[in-house]
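As stored in final-v2.cif (mmCIF, C-alpha atoms and all ligand atoms):
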data_query
#
loop_
_atom_site.label_atom_id
_atom_site.label_comp_id
_atom_site.auth_asym_id
_atom_site.auth_seq_id
_atom_site.Cartn_x
_atom_site.Cartn_y
_atom_site.Cartn_z
CA MET A 1 96.36 89.93 111.10
CA THR A 2 93.27 91.38 109.44
CA HIS A 3 94.89 92.70 106.30
CA THR A 4 97.49 91.57 103.83
CA ASP A 5 100.99 91.55 105.21
CA LEU A 6 102.73 93.81 102.73
CA GLU A 7 105.98 92.01 103.39
CA CYS A 8 104.63 88.46 102.92
CA VAL A 9 107.11 86.40 100.88
CA ALA A 10 105.55 82.98 101.41
CA CYS A 11 105.58 82.31 97.65
CA PRO A 12 109.23 82.44 96.48
CA ARG A 13 108.42 82.69 92.75
CA LEU A 14 106.04 85.62 93.28
CA ALA A 15 108.33 87.34 95.79
CA ALA A 16 111.24 87.13 93.31
CA HIS A 17 109.07 88.47 90.50
CA LEU A 18 107.99 91.44 92.63
CA ALA A 19 111.57 92.12 93.75
CA ASP A 20 112.58 92.26 90.11
CA LEU A 21 109.72 94.63 89.30
CA ARG A 22 110.65 96.88 92.24
CA ARG A 23 114.03 97.39 90.63
CA ARG A 24 112.54 98.16 87.20
CA GLU A 25 109.35 100.06 88.10
CA THR A 26 110.29 102.11 91.10
CA ASP A 27 107.02 104.04 91.45
CA TRP A 28 104.74 101.00 91.25
CA HIS A 29 103.25 99.25 94.30
CA ASN A 30 104.95 95.88 93.51
CA ARG A 31 103.91 94.20 96.76
CA PRO A 32 101.00 92.10 98.01
CA VAL A 33 97.89 94.19 97.32
CA PRO A 34 95.82 94.85 100.44
CA SER A 35 92.04 94.58 100.41
CA PHE A 36 89.97 97.72 99.87
CA GLY A 37 86.83 98.66 101.79
CA PRO A 38 85.62 98.45 105.39
CA LEU A 39 85.93 95.26 107.41
CA ALA A 40 82.41 95.95 108.70
CA ALA A 41 81.03 95.46 105.17
CA ARG A 42 78.35 92.85 104.48
CA LEU A 43 79.67 92.09 100.98
CA LEU A 44 83.08 90.69 100.10
CA VAL A 45 84.09 90.57 96.41
CA VAL A 46 86.90 88.12 95.69
CA GLY A 47 88.92 88.26 92.46
CA LEU A 48 91.86 86.24 91.18
CA GLY A 49 94.95 88.41 91.62
CA PRO A 50 96.47 91.80 90.77
CA GLY A 51 97.11 92.70 87.15
CA GLU A 52 100.65 93.84 86.37
CA LYS A 53 99.78 97.39 85.31
CA GLY A 54 96.57 97.41 87.32
CA ALA A 55 96.46 96.70 91.05
CA ASN A 56 100.12 95.74 91.15
CA ARG A 57 100.92 99.25 89.96
CA THR A 58 98.28 101.20 91.90
CA GLY A 59 98.11 99.14 95.10
CA ARG A 60 94.32 99.02 95.05
CA PRO A 61 92.40 95.93 93.86
CA PHE A 62 90.77 96.13 90.42
CA THR A 63 92.13 99.56 89.55
CA GLY A 64 94.38 100.86 86.82
CA ASP A 65 93.41 98.35 84.15
CA VAL A 66 90.33 97.06 82.38
CA ALA A 67 89.38 94.64 85.18
CA GLY A 68 87.82 97.45 87.20
CA GLU A 69 85.91 98.96 84.31
CA LEU A 70 83.00 96.62 84.87
CA LEU A 71 83.34 96.15 88.61
CA TYR A 72 83.40 99.69 89.98
CA PRO A 73 80.52 101.02 87.85
CA ALA A 74 78.47 97.98 88.94
CA LEU A 75 79.31 98.65 92.59
CA TYR A 76 78.35 102.29 92.12
CA HIS A 77 75.16 101.49 90.24
CA PHE A 78 73.98 99.20 93.03
CA GLY A 79 74.93 101.56 95.86
CA PHE A 80 78.08 99.83 97.09
CA ALA A 81 80.43 102.66 96.02
CA SER A 82 80.31 106.44 96.23
CA ALA A 83 81.77 106.87 92.74
CA ALA A 84 82.17 104.76 89.62
CA GLU A 85 85.78 105.78 89.08
CA PRO A 86 88.21 104.46 91.72
CA LEU A 87 91.26 106.42 90.55
CA ASP A 88 91.95 110.12 90.19
CA GLY A 89 93.92 110.32 86.97
CA ASP A 90 96.29 107.49 86.20
CA LYS A 91 97.30 106.24 89.60
CA SER A 92 96.33 108.15 92.73
CA ALA A 93 93.22 107.08 94.63
CA ASN A 94 90.07 109.05 93.94
CA PRO A 95 89.48 110.92 97.23
CA ARG A 96 85.73 110.90 96.56
CA MET A 97 85.71 107.14 96.16
CA ARG A 98 84.77 104.88 99.04
CA LEU A 99 83.12 101.52 99.22
CA MET A 100 79.92 101.31 101.22
CA ASP A 101 79.13 97.96 102.80
CA ALA A 102 81.52 96.25 100.40
CA ARG A 103 85.14 95.12 100.46
CA ILE A 104 87.29 93.84 97.61
CA THR A 105 90.10 91.35 97.84
CA ASN A 106 91.91 88.73 95.75
CA ALA A 107 92.48 85.00 96.08
CA VAL A 108 96.17 85.60 95.34
CA ARG A 109 97.51 88.93 96.53
CA CYS A 110 100.78 89.09 94.63
CA LEU A 111 101.04 89.56 90.90
CA PRO A 112 101.19 86.13 89.26
CA PRO A 113 103.33 86.08 86.09
CA ALA A 114 101.13 85.65 83.01
CA ASN A 115 98.12 85.88 85.33
CA LYS A 116 98.64 82.25 86.28
CA PRO A 117 99.33 81.47 89.92
CA THR A 118 100.38 77.91 90.70
CA SER A 119 98.22 75.63 92.85
CA ALA A 120 100.76 75.96 95.66
CA GLU A 121 100.56 79.79 95.51
CA ILE A 122 96.77 79.71 95.57
CA ARG A 123 96.87 77.40 98.59
CA ALA A 124 99.45 79.56 100.37
CA CYS A 125 97.44 82.74 99.96
CA ASN A 126 94.29 81.05 101.20
CA LEU A 127 95.52 81.76 104.70
CA HIS A 128 95.05 85.48 104.07
CA LEU A 129 91.58 84.97 102.62
CA ARG A 130 90.53 82.81 105.56
CA ARG A 131 91.67 85.47 108.00
CA GLU A 132 89.97 88.16 105.97
CA ILE A 133 86.63 86.36 106.07
CA ALA A 134 87.00 85.66 109.79
CA ALA A 135 87.69 89.36 110.42
CA MET A 136 84.41 90.52 108.83
CA PRO A 137 81.80 90.31 111.60
CA ARG A 138 78.80 91.33 109.48
CA LEU A 139 79.62 89.38 106.35
CA ALA A 140 76.38 88.31 104.62
CA ALA A 141 77.45 87.58 101.04
CA ILE A 142 80.57 86.75 99.07
CA LEU A 143 80.83 87.32 95.34
CA ALA A 144 83.47 85.08 93.74
CA LEU A 145 84.74 86.36 90.41
CA GLY A 146 85.95 83.40 88.37
CA GLY A 147 86.68 79.77 89.12
CA VAL A 148 89.92 80.30 91.05
CA ALA A 149 88.28 82.79 93.41
CA HIS A 150 85.30 80.48 93.80
CA GLN A 151 87.46 77.51 94.78
CA SER A 152 89.55 79.68 97.09
CA VAL A 153 86.45 80.91 98.92
CA LEU A 154 85.22 77.33 99.35
CA ARG A 155 88.63 76.26 100.60
CA ALA A 156 88.72 79.15 103.06
CA LEU A 157 85.31 78.10 104.34
CA CYS A 158 86.36 74.40 104.53
CA LEU A 159 83.76 73.39 101.90
CA SER A 160 84.14 71.00 98.99
CA PRO A 161 84.23 72.47 95.46
CA ALA A 162 82.56 69.26 94.22
CA GLN A 163 79.47 70.17 96.19
CA TYR A 164 79.35 73.74 94.88
CA PRO A 165 80.44 73.77 91.22
CA PHE A 166 81.38 77.05 89.60
CA GLY A 167 79.21 78.74 86.98
CA HIS A 168 78.09 82.23 86.09
CA ASN A 169 75.41 83.93 88.18
CA LEU A 170 74.87 81.12 90.67
CA ARG A 171 73.83 81.47 94.26
CA TYR A 172 74.67 79.01 97.00
CA ASP A 173 73.08 79.07 100.42
CA LEU A 174 75.96 77.70 102.44
CA PRO A 175 75.47 76.01 105.81
CA ALA A 176 74.63 78.50 108.58
CA PRO A 177 76.18 80.72 109.79
CA LEU A 178 78.22 81.08 106.60
CA PRO A 179 77.47 83.90 104.13
CA ILE A 180 75.58 83.33 100.87
CA LEU A 181 77.93 82.65 97.98
CA PHE A 182 77.32 84.31 94.60
CA THR A 183 79.39 83.56 91.52
CA SER A 184 80.23 85.36 88.30
CA TYR A 185 82.64 85.00 85.45
CA HIS A 186 85.64 87.18 86.18
CA CYS A 187 85.22 90.73 84.87
CA SER A 188 88.60 90.55 83.08
CA GLY A 189 89.36 92.34 79.85
CA TYR A 190 89.59 88.94 78.16
CA ASN A 191 86.09 87.87 79.23
CA TRP A 192 84.70 91.25 78.31
CA ARG A 193 86.38 91.37 74.88
CA THR A 194 85.39 87.84 73.95
CA GLY A 195 81.77 88.43 74.95
CA ARG A 196 81.82 85.80 77.68
CA LEU A 197 80.70 88.49 80.11
CA SER A 198 78.67 91.57 79.22
CA ARG A 199 77.84 94.57 81.38
CA GLU A 200 74.18 93.50 81.45
CA SER A 201 75.03 89.96 82.50
CA PHE A 202 77.40 91.22 85.21
CA GLU A 203 74.82 93.64 86.54
CA ARG A 204 72.27 90.82 86.81
CA VAL A 205 74.61 89.21 89.35
CA PHE A 206 74.64 92.43 91.37
CA ALA A 207 70.86 92.76 91.14
CA ALA A 208 70.50 89.27 92.68
CA LEU A 209 73.08 90.09 95.27
CA ARG A 210 71.47 93.38 96.23
CA LYS A 211 68.29 91.55 97.17
CA GLU A 212 70.21 89.65 99.83
CA VAL A 213 72.25 92.63 100.97
CA PRO A 214 69.65 95.41 100.93
CA LEU A 215 70.58 99.05 101.26
CA ALA A 216 70.49 100.12 104.90
CA ALA A 217 67.39 102.22 104.25
CA GLU A 218 65.61 99.15 102.83
CA GLU A 219 66.21 96.94 105.85
CA ASN A 220 63.34 95.90 108.14
S1 LIG B 1 100.56 85.40 97.07
FE1 LIG B 1 99.79 85.60 99.17
S2 LIG B 1 100.83 84.01 100.37
FE2 LIG B 1 101.98 84.26 98.43
S3 LIG B 1 103.58 85.78 98.93
FE3 LIG B 1 101.83 86.93 98.11
S4 LIG B 1 100.62 87.54 99.94
FE4 LIG B 1 102.05 85.89 100.57
#
Represent the structure contained in this file as structure tokens.
Amino acid sequence: MTHTDLECVACPRLAAHLADLRRRETDWHNRPVPSFGPLAARLLVVGLGPGEKGANRTGRPFTGDVAGELLYPALYHFGFASAAEPLDGDKSANPRMRLMDARITNAVRCLPPANKPTSAEIRACNLHLRREIAAMPRLAAILALGGVAHQSVLRALCLSPAQYPFGHNLRYDLPAPLPILFTSYHCSGYNWRTGRLSRESFERVFAALRKEVPLAAEEN
């Protein structure tokens, strides 16, 4: 399986929460959110999980709420996206929007109540992340957004978090042939509002990343 199983119910608490939402919000996605972007991409961006009225509603990671308001413009600015706005209007996908050499996924693919998945749920969904990484033949860099994503990436790669502590704008050269790991504070509304993460600081992460994943025209 190279994409999220939309019927995965491995986490009973999350599955029950989504079943309840499907009854109440009939036009929302309310299922595991599949990754977005080509599997042939060299960059994989890993977030925490879908927001209730964001990706859980739209079905596309980091769309529909404030979480994408830093991410997609940064992807666009650094040439990883064809447009800065991933949605057309409130919900439907922007037909002009595609990711170029980048893919976006989450450590936990079902909406966690209060944005807080349990350790068991994070561990269960690591299977999907591991398969995702294994299915990307050209993967050169992973950007982990936040501590949970960072630890999930390390777990998926069978590496110890103690050896690679989380911090903002770090770069880890993992043992070959693994991709380079970049880290950033999560681009959540909370981090943005509280000043923990600014647009400038977030874009510095992408500038560092772009040096390792050059535009196709810059290669050689
Ligand atoms: S969080 Fe992941 S493992 Fe758990 S039910 Fe959703 S898709 Fe399955």
Counting only C-alpha atoms, the residue among A:Leu21, A:Leu44, A:Cys8, A:Leu209 that lies closest to Pro113 (chain A) is A:Leu21
Option closest in space to Ala141 (chain A), from A:Pro214, A:Gly59, A:Gly189, A:Pro34 [counting only C-alpha atoms]
A:Pro214
Quote the spacing between CA of Met100 (chain A) and CA of Pro112 (chain A) in Å to one decimal place.
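These atoms are spaced 28.7 Å apart.
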8 Å contact set for region 73-86 of chain A, all atoms listed in the file, chain neighbours under 6 positions out, as a list in words
Thr63, Ala93, Asn94, Arg96, Met97, Arg98, Leu99, Met100, Asp101, Ala102, Phe202, Glu203, Phe206, Ala207, Arg210 and Leu215 of chain A
Taking all atoms listed in the file and a cut-off of 6 Å, can you tell me which residues surround ligand LIG 1 (chain B), written as a PyMOL selection string?
chain A and resi 8-11+15+32+108-110+121+124-125
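For the pair CA of Val205 (chain A) and CA of Ala107 (chain A), the separation is 19.6 Å.
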If we count all atoms listed in the file and set the cut-off at 6 Å, which residues sit around region 130-138 of chain A, ignoring sequence neighbours fewer than 2 positions away in its own chain? Please answer as a list in words.
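Non-adjacent residues within range: Thr2, Leu39, Ala40, Arg42, Leu127, His128 and Ala156 of chain A.
With distances restricted to only C-alpha atoms, A:Asn169 is the closest residue to Ala144 (chain A) from A:Ser188, A:Ser198, A:Ser35, A:Asn169.
Note that CA of Thr105 (chain A) and CA of Leu174 (chain A) are 20.2 Å apart.
The shortest atom-to-atom distance to Glu212 (chain A), with all atoms listed in the file taken into account, belongs to A:Ala140 out of A:Ala140, A:Leu6, A:Leu111, A:Leu70.
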Quick one: of A:Val33, A:Ala208, A:Ala19, A:Leu48, who's nearest to Thr118 (chain A), counting only C-alpha atoms?
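Smallest distance to Thr118 (chain A) is found for A:Leu48.
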Using all atoms listed in the file, which residue out of A:Leu170, A:Ala149, A:Ile122, A:Ile180 lies closest to Arg204 (chain A)?
A:Leu170
List as a PDB file with C-alpha atoms, keeping the file's coordinate frame the protein and nucleic acid residues near Pro165 (chain A), meaning an atom at most 12 Å away when all atoms listed in the file are counted, but skip any in the same chain fewer than 5 places from it.
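Contents of part02.pdb, freshly written:
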ATOM      1  CA  ALA A 144      83.470  85.080  93.740  1.00  0.00           C
ATOM      2  CA  GLY A 146      85.950  83.400  88.370  1.00  0.00           C
ATOM      3  CA  GLY A 147      86.680  79.770  89.120  1.00  0.00           C
ATOM      4  CA  VAL A 148      89.920  80.300  91.050  1.00  0.00           C
ATOM      5  CA  HIS A 150      85.300  80.480  93.800  1.00  0.00           C
ATOM      6  CA  GLN A 151      87.460  77.510  94.780  1.00  0.00           C
ATOM      7  CA  LEU A 154      85.220  77.330  99.350  1.00  0.00           C
ATOM      8  CA  LEU A 159      83.760  73.390 101.900  1.00  0.00           C
ATOM      9  CA  SER A 160      84.140  71.000  98.990  1.00  0.00           C
ATOM     10  CA  LEU A 170      74.870  81.120  90.670  1.00  0.00           C
ATOM     11  CA  ARG A 171      73.830  81.470  94.260  1.00  0.00           C
ATOM     12  CA  TYR A 172      74.670  79.010  97.000  1.00  0.00           C
ATOM     13  CA  LEU A 181      77.930  82.650  97.980  1.00  0.00           C
ATOM     14  CA  PHE A 182      77.320  84.310  94.600  1.00  0.00           C
ATOM     15  CA  THR A 183      79.390  83.560  91.520  1.00  0.00           C
ATOM     16  CA  SER A 184      80.230  85.360  88.300  1.00  0.00           C
TER      17      SER A 184
END
Could I see region 54-70 of chain A restored to N, CA and C atoms, set down as a tab-separated table (two decimals), in the coordinates of the input?
chain	number	residue	atom	x	y	z
A	54	GLY	N	97.77	97.02	86.60
A	54	GLY	CA	96.57	97.41	87.32
A	54	GLY	C	96.88	97.52	88.81
A	55	ALA	N	96.30	96.61	89.59
A	55	ALA	CA	96.46	96.70	91.05
A	55	ALA	C	97.91	96.58	91.50
A	56	ASN	N	98.71	95.83	90.77
A	56	ASN	CA	100.12	95.74	91.15
A	56	ASN	C	100.82	97.09	91.03
A	57	ARG	N	100.32	97.92	90.14
A	57	ARG	CA	100.92	99.25	89.96
A	57	ARG	C	100.30	100.24	90.95
A	58	THR	N	98.96	100.19	91.09
A	58	THR	CA	98.28	101.20	91.90
A	58	THR	C	98.23	100.86	93.38
A	59	GLY	N	98.23	99.55	93.71
A	59	GLY	CA	98.11	99.14	95.10
A	59	GLY	C	96.69	99.01	95.57
A	60	ARG	N	95.72	99.14	94.67
A	60	ARG	CA	94.32	99.02	95.05
A	60	ARG	C	93.66	97.98	94.13
A	61	PRO	N	92.94	97.00	94.70
A	61	PRO	CA	92.40	95.93	93.86
A	61	PRO	C	91.49	96.44	92.74
A	62	PHE	N	91.63	95.85	91.57
A	62	PHE	CA	90.77	96.13	90.42
A	62	PHE	C	90.83	97.59	89.96
A	63	THR	N	92.00	98.20	90.08
A	63	THR	CA	92.13	99.56	89.55
A	63	THR	C	93.31	99.62	88.58
A	64	GLY	N	93.25	100.59	87.70
A	64	GLY	CA	94.38	100.86	86.82
A	64	GLY	C	94.39	100.05	85.55
A	65	ASP	N	93.52	99.08	85.41
A	65	ASP	CA	93.41	98.35	84.15
A	65	ASP	C	91.95	98.02	83.90
A	66	VAL	N	91.71	97.25	82.83
A	66	VAL	CA	90.33	97.06	82.38
A	66	VAL	C	89.50	96.26	83.37
A	67	ALA	N	90.14	95.50	84.27
A	67	ALA	CA	89.38	94.64	85.18
A	67	ALA	C	88.37	95.42	86.03
A	68	GLY	N	88.72	96.66	86.36
A	68	GLY	CA	87.82	97.45	87.20
A	68	GLY	C	86.74	98.19	86.42
A	69	GLU	N	86.84	98.16	85.11
A	69	GLU	CA	85.91	98.96	84.31
A	69	GLU	C	84.50	98.42	84.31
A	70	LEU	N	84.34	97.16	84.65
A	70	LEU	CA	83.00	96.62	84.87
A	70	LEU	C	82.65	96.65	86.35
